[in-house]
Amino acid sequence: MRDGGRCREEQRESWDRFYSENKRPWRGVGKLPGLEVSEGDRALDIGCGNGKTASALIQAGVSVTGIDFSPNAIHYCEQSFGDRAKFITCDSSSLTFPDSSFEIVTLVHVLEHLDDKQLSDTVSEVSRVLVPGGKVLVRAFEVSDMRAGGSDSNVRGNGISYRYFTEEQILSLFDGFEVIHSDTVSEKMRFGGVRVRVEAVLRKLS
């Protein structure tokens, strides 16, 4: 069995290389499907990448902290957003924030890059840093996504690992949360394939 810490470091290196080679890998306007926010809410964008979701949160009028375990991603966001948000290099499975620090947490295409332990630890950390009644937005690739290749997990040529979920699996990860919104969304691509993702908004009950 490979050492989990070493595997995580390899993934960090792959993501750093990805961001150094792709200055803005995800374009367009970030969306917050099913997520209602109030002005002044404190939001934590986990796996902020190049800031697409952070941008949507900023536009919604909330106070944004973005984290990513890739220093290159954080550097990009700091340059792009200046003092409109705070960005910190941090691992999703070991958050550096006190309990009940945020009203909102976003996990947009993050969970599919975690192994089982990291997945469990990340969900526990999300619950810990959310206030009672706080909400989490989750978006993740679904098992029928065109990139799944008939498998629930794989490693792409760039060295980045992926896994795929059913809607039921995503909801079961957040057992004990209230489901506000949940959907499996299919998007037909220009050249034929279909991208499929799970989108869910859940509320921490206590």
# chains A, B, ... in the order shown; residues from 1 in each chain; ligands from 1
>>> closest_atom_pairs(of="stretch 60-120 of chain A", to="stretch 27-46 of chain A", cutoff="6 Å", atoms="only C-alpha atoms", output="CSV")
residue,atom,partner,partner_atom,distance
A:Gly61,CA,A:Glu39,CA,5.0
A:Val62,CA,A:Gly40,CA,4.8
A:Ser63,CA,A:Arg42,CA,4.8
A:Val64,CA,A:Ala43,CA,4.9
A:Thr65,CA,A:Leu44,CA,5.0
A:Gly66,CA,A:Asp45,CA,4.6
A:Ile67,CA,A:Ile46,CA,5.2
A:Phe102,CA,A:Arg42,CA,4.9
A:Glu103,CA,A:Arg42,CA,5.4
A:Ile104,CA,A:Ala43,CA,4.4
A:Val105,CA,A:Leu44,CA,4.7
A:Thr106,CA,A:Asp45,CA,4.9
A:Leu107,CA,A:Ile46,CA,5.5
>>> atom_distance(atom1="atom CA of A:Ser161", atom2="atom CA of A:Ile74")
20.1 Å
>>> closest_residue(among="A:Glu187, A:Glu10, A:Glu78, A:Glu167", to="A:Ala140", atoms="only C-alpha atoms")
A:Glu167
>>> select_by_dssp(residues="stretch 84-169 of chain A", states="strand (DSSP E or B)", output="ChimeraX atom specification")
/A:86-89,102-108,130-142,153-155,161-163,165
>>> atom_distance(atom1="atom CA of A:Pro71", atom2="atom CA of A:Ser100")
25.6 Å
>>> closest_atom_pairs(of="stretch 61-96 of chain A", to="stretch 108-111 of chain A", cutoff="12 Å", atoms="only C-alpha atoms", output="Markdown table")
| residue | atom | partner | partner_atom | distance |
| --- | --- | --- | --- | --- |
| A:Gly66 | CA | A:Val108 | CA | 11.8 |
| A:Ile67 | CA | A:Val110 | CA | 11.3 |
| A:Asp68 | CA | A:Val110 | CA | 9.8 |
| A:Phe69 | CA | A:Val110 | CA | 11.1 |
| A:Asp91 | CA | A:Val110 | CA | 11.1 |
| A:Ser92 | CA | A:Val110 | CA | 8.8 |
| A:Ser93 | CA | A:Leu111 | CA | 10.6 |
>>> closest_residue(among="A:Leu119, A:Leu171, A:Ala73, A:Leu202", to="A:Lys135", atoms="only C-alpha atoms")
A:Leu202
>>> atom_distance(atom1="atom CA of A:Gly134", atom2="atom CA of A:Gln79")
29.3 Å
